[in-house]
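The next block holds one structure in the form of structure tokens; read it before the comments.
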Protein chains: 2
Amino acid sequence: MDISIERLCIENGLKMTGPRRVIARVLSESTDHPDVDELHRRANRLDQRISLATVYRTVRLLEAKGILERRDLGSRRARYEPSGEKNHFHLVDQDSGKVLEFAAPDAELLLRDIARQHGFDLALIKIELFGRRPAAKMGAEEAMNGDRRDSQARLHGEVQGT
Amino acid sequence: MDISIERLCIENGLKMTGPRRVIARVLSESTDHPDVDELHRRANRLDQRISLATVYRTVRLLEAKGILERRDLGSRRARYEPSGEKNHFHLVDQDSGKVLEFAAPDAELLLRDIARQHGFDLALIKIELFGRRPAAKMGAEEAMNGDRRDSQARLHGEVQGT
DNA sequence: GTAGTTGCAAAGCCTTTGCGATCGG
DNA sequence: CCGATCGCAAAGGCTTTGCAACTAC
């Protein structure tokens, strides 16, 4: 799972320029759901010269090629992840903004079935759960994969100024 | 979901000003998932003077009060719907952009269970299915699991393209 | 009367784009 | 070599906000 994104790019007939190679590598090494700004930051650690615009253009291109998938996860910024991975969904901790991934093959089947009953072929299933952990015991599998927080921030905020 | 939005506003201690009353009414009468611009348009049919900024401020406030829920549904503009309604999810036709609502109590249970296993209390479950109808045999039933079917017409549909 | 609201226009945030320079195949 | 890609800065689309006037309670 190292350079797979780059491989996919090549298979899709994309020119592998310097910046693109770096971004592909950053994507391949990410196990979370970085937004464009974060990708830019990570890419810049490998090559200072890569511009934000290029990161935007690249994720857009890779999304069009089906190599990446865009996620929203509550924040205003788009986040990306490789689409190859087997179906998984997102459980967002509303307090910390952390995102856990989980599989739910049973639920998936049910949904696919419902869609079929309506005459649809599903291309994409998005399931996002938002909740909080009752203060009690945490820890345990905290080890999953934490995400950059930032997802909410507008979930509670006061609304009217002055 | 008739004039209930206004009632909810009052219960939440919000001042019922003219603009707010109109927006509440528009929301109460909507059976689809309008974006802010569309809400503004509808509100303006009842009162020309209502500004876009006020619509933004109002939906934000109502979302904070838990009266409305924001949806993304693939487009870049936020869409809103009353949160009171019983849990339902969205099936988006990628060709037309139309959104069907459906219920999936079984899937819901499964998911709630998964969340519990991770120590979470769920506040919100989002399920969005994206797919297309193979031109072949459609028809059959347009009626969903008891929820109201909702054929929103004017839907600036598209999801993303290149 | 006072705190909460509103309109308007300006500002902000994220994303896209025009353009000339560069680079990959 | 030719078209794809890049960096930069300017432009766009959607949303928020500062401010002074106004209004519900």
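Just remember, in the structure tokens the first chain shown is A, the second B, etc., residues are 1-based per chain, and ligands are 1-based in the order shown.
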Any chance you could lay chain B over chain A, fitting all C-alpha atoms in order by least squares, and write the moved chain as a short mmCIF file (atom, residue, chain, number, x, y, z; two decimals) with C-alpha atoms, in the first residue's frame?
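Produced file selection38.cif, reproduced below:
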data_model
loop_
_atom_site.label_atom_id
_atom_site.label_comp_id
_atom_site.auth_asym_id
_atom_site.auth_seq_id
_atom_site.Cartn_x
_atom_site.Cartn_y
_atom_site.Cartn_z
CA MET B 1 -2.34 2.95 0.86
CA ASP B 2 1.31 3.66 0.81
CA ILE B 3 2.54 5.09 -2.44
CA SER B 4 -0.41 3.55 -4.11
CA ILE B 5 -1.83 6.90 -5.15
CA GLU B 6 1.06 7.49 -7.47
CA ARG B 7 0.67 4.00 -8.83
CA LEU B 8 -2.99 4.63 -9.45
CA CYS B 9 -2.16 7.85 -11.25
CA ILE B 10 0.17 6.01 -13.57
CA GLU B 11 -2.32 3.25 -14.17
CA ASN B 12 -4.74 5.96 -15.15
CA GLY B 13 -2.34 7.37 -17.65
CA LEU B 14 -1.58 10.58 -15.82
CA LYS B 15 1.70 12.36 -16.31
CA MET B 16 3.72 12.22 -13.14
CA THR B 17 5.04 15.72 -12.81
CA GLY B 18 6.92 16.97 -9.81
CA PRO B 19 3.98 18.66 -8.09
CA ARG B 20 1.67 15.81 -8.83
CA ARG B 21 4.11 13.31 -7.40
CA VAL B 22 4.36 15.31 -4.18
CA ILE B 23 0.62 15.66 -3.84
CA ALA B 24 0.15 11.95 -4.50
CA ARG B 25 2.65 11.22 -1.77
CA VAL B 26 0.97 13.53 0.69
CA LEU B 27 -2.34 11.86 -0.05
CA SER B 28 -0.87 8.42 0.34
CA GLU B 29 0.56 9.29 3.70
CA SER B 30 -2.57 10.91 5.07
CA THR B 31 -4.70 8.85 7.37
CA ASP B 32 -7.20 11.60 7.98
CA HIS B 33 -9.49 13.68 5.79
CA PRO B 34 -7.55 16.79 4.84
CA ASP B 35 -9.14 19.69 3.02
CA VAL B 36 -7.45 21.29 0.04
CA ASP B 37 -5.80 23.95 2.11
CA GLU B 38 -4.30 21.38 4.41
CA LEU B 39 -3.09 19.31 1.47
CA HIS B 40 -1.48 22.42 0.07
CA ARG B 41 0.21 23.08 3.38
CA ARG B 42 1.53 19.54 3.59
CA ALA B 43 2.67 19.52 -0.01
CA ASN B 44 4.46 22.81 0.55
CA ARG B 45 6.48 21.28 3.33
CA LEU B 46 7.99 19.05 0.66
CA ASP B 47 8.09 21.59 -2.13
CA GLN B 48 7.48 25.27 -1.58
CA ARG B 49 6.64 25.97 -5.18
CA ILE B 50 3.43 23.98 -5.42
CA SER B 51 0.49 26.31 -5.85
CA LEU B 52 -2.93 26.06 -4.33
CA ALA B 53 -4.43 26.00 -7.81
CA THR B 54 -2.47 22.89 -8.65
CA VAL B 55 -3.71 21.14 -5.55
CA TYR B 56 -7.26 22.01 -6.51
CA ARG B 57 -6.71 20.80 -10.05
CA THR B 58 -5.10 17.62 -8.87
CA VAL B 59 -7.73 16.54 -6.37
CA ARG B 60 -10.38 17.32 -8.93
CA LEU B 61 -8.64 15.21 -11.50
CA LEU B 62 -8.09 12.35 -9.09
CA GLU B 63 -11.68 12.49 -8.02
CA ALA B 64 -12.76 12.26 -11.64
CA LYS B 65 -10.50 9.25 -12.10
CA GLY B 66 -12.05 7.62 -9.08
CA ILE B 67 -8.82 7.70 -7.14
CA LEU B 68 -10.08 10.10 -4.49
CA GLU B 69 -13.43 10.68 -2.90
CA ARG B 70 -14.71 13.99 -1.73
CA ARG B 71 -16.34 14.29 1.69
CA ASP B 72 -18.23 17.09 3.27
CA LEU B 73 -18.42 16.20 6.93
CA GLY B 74 -20.26 19.30 7.98
CA SER B 75 -17.76 21.99 7.15
CA ARG B 76 -17.93 24.09 4.06
CA ARG B 77 -14.60 22.99 2.72
CA ALA B 78 -14.35 19.79 0.75
CA ARG B 79 -12.18 17.06 2.19
CA TYR B 80 -10.59 14.17 0.39
CA GLU B 81 -9.56 10.62 1.02
CA PRO B 82 -8.38 7.75 -1.16
CA SER B 83 -11.34 5.80 -2.44
CA GLY B 84 -9.61 2.47 -2.56
CA GLU B 85 -10.01 1.74 1.10
CA LYS B 86 -12.72 -0.64 2.09
CA ASN B 87 -16.02 0.89 2.90
CA HIS B 88 -16.04 2.87 6.07
CA PHE B 89 -18.17 5.60 7.46
CA HIS B 90 -17.75 8.61 9.65
CA LEU B 91 -18.67 9.46 13.19
CA VAL B 92 -18.17 13.14 13.88
CA ASP B 93 -17.79 14.46 17.39
CA GLN B 94 -19.76 17.68 17.33
CA ASP B 95 -17.80 19.11 20.21
CA SER B 96 -14.26 18.50 19.05
CA GLY B 97 -14.82 18.07 15.35
CA LYS B 98 -12.84 14.86 15.46
CA VAL B 99 -13.79 12.20 13.00
CA LEU B 100 -13.78 8.50 13.77
CA GLU B 101 -14.11 5.93 11.06
CA PHE B 102 -16.08 2.78 11.46
CA ALA B 103 -17.30 -0.16 9.45
CA ALA B 104 -20.90 -1.31 9.38
CA PRO B 105 -21.21 -4.24 7.03
CA ASP B 106 -24.65 -5.14 8.30
CA ALA B 107 -26.09 -1.69 7.81
CA GLU B 108 -24.41 -1.61 4.44
CA LEU B 109 -26.18 -4.76 3.38
CA LEU B 110 -29.52 -3.43 4.48
CA LEU B 111 -29.02 -0.25 2.53
CA ARG B 112 -27.80 -1.98 -0.56
CA ASP B 113 -30.93 -4.06 -0.38
CA ILE B 114 -33.20 -1.08 -0.07
CA ALA B 115 -31.53 0.50 -3.06
CA ARG B 116 -31.98 -2.66 -5.07
CA GLN B 117 -35.65 -2.65 -4.24
CA HIS B 118 -35.85 0.74 -5.87
CA GLY B 119 -34.00 -0.53 -8.89
CA PHE B 120 -30.69 1.10 -8.13
CA ASP B 121 -27.13 -0.09 -8.39
CA LEU B 122 -25.22 1.70 -5.67
CA ALA B 123 -21.97 3.36 -6.53
CA LEU B 124 -21.41 4.98 -3.19
CA ILE B 125 -22.75 4.79 0.32
CA LYS B 126 -22.23 7.74 2.60
CA ILE B 127 -23.02 7.42 6.25
CA GLU B 128 -22.20 10.21 8.62
CA LEU B 129 -23.14 10.20 12.26
CA PHE B 130 -23.00 13.38 14.28
CA GLY B 131 -23.12 13.27 18.03
CA ARG B 132 -21.44 14.04 21.28
CA ARG B 133 -19.96 12.09 24.09
CA PRO B 134 -21.81 12.50 27.36
CA ALA B 135 -18.91 13.52 29.55
CA ALA B 136 -19.64 10.53 31.74
CA LYS B 137 -18.06 7.20 31.00
CA MET B 138 -15.91 7.31 27.98
CA GLY B 139 -12.76 5.45 27.46
CA ALA B 140 -13.40 1.75 27.10
CA GLU B 141 -12.28 1.10 23.59
CA GLU B 142 -11.05 3.68 21.25
CA ALA B 143 -10.49 0.97 18.74
CA MET B 144 -13.00 0.64 16.00
CA ASN B 145 -14.29 -2.27 14.04
CA GLY B 146 -10.91 -3.15 12.73
CA ASP B 147 -10.56 -0.07 10.63
CA ARG B 148 -7.79 2.13 11.72
CA ARG B 149 -8.78 4.61 14.30
CA ASP B 150 -7.82 7.98 13.19
CA SER B 151 -7.40 10.73 15.64
CA GLN B 152 -6.87 13.64 13.43
CA ALA B 153 -5.48 16.40 15.49
CA ARG B 154 -5.65 19.71 13.82
CA LEU B 155 -9.16 19.85 12.61
CA HIS B 156 -10.62 23.19 12.14
CA GLY B 157 -13.51 21.40 13.61
CA GLU B 158 -16.54 23.53 13.97
CA VAL B 159 -19.63 22.59 12.13
CA GLN B 160 -21.69 25.71 12.09
CA GLY B 161 -22.79 28.17 14.60
CA THR B 162 -24.55 31.37 15.02
#
Residues of segment 4-132 of chain A in helix (DSSP H, G or I), written as a ChimeraX atom specification: /A:4-11,18-29,36-46,52-64,105-117
Please report as CSV every residue of chain C lying within 12 Å of chain A, along with the nearest atom pair and their distance in Å (one decimal), using only C-alpha atoms (C1' of nucleotides).
residue,atom,partner,partner_atom,distance
C:DA3,C1',A:Thr162,CA,10.5
C:DG4,C1',A:Gln160,CA,8.7
C:DT5,C1',A:Gln160,CA,9.1
C:DT6,C1',A:Gln160,CA,11.7
C:DC13,C1',A:Arg76,CA,9.2
C:DC14,C1',A:Arg77,CA,6.8
C:DT15,C1',A:Tyr56,CA,7.6
C:DT16,C1',A:Ala53,CA,8.5
C:DT17,C1',A:Ala53,CA,9.7
C:DT22,C1',A:Thr17,CA,10.8
C:DC23,C1',A:Thr17,CA,7.5
C:DG24,C1',A:Lys15,CA,6.4
C:DG25,C1',A:Lys15,CA,7.9
Straight-line distance linking atom C1' of DA9 of chain D with atom C1' of DA9 of chain C, stated in Å to one decimal: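 If I compute the distance from atom C1' of DA9 of chain D to atom C1' of DA9 of chain C, I get 24.6 Å.
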Chain D contacts to chain B at 8 Å (only C-alpha atoms (C1' of nucleotides)) as a PyMOL selection string: chain D and resi 14-15+23-25
Between atom C1' of DC8 of chain C and atom C1' of DT17 of chain D, distance in Å (one decimal): 11.3 Å
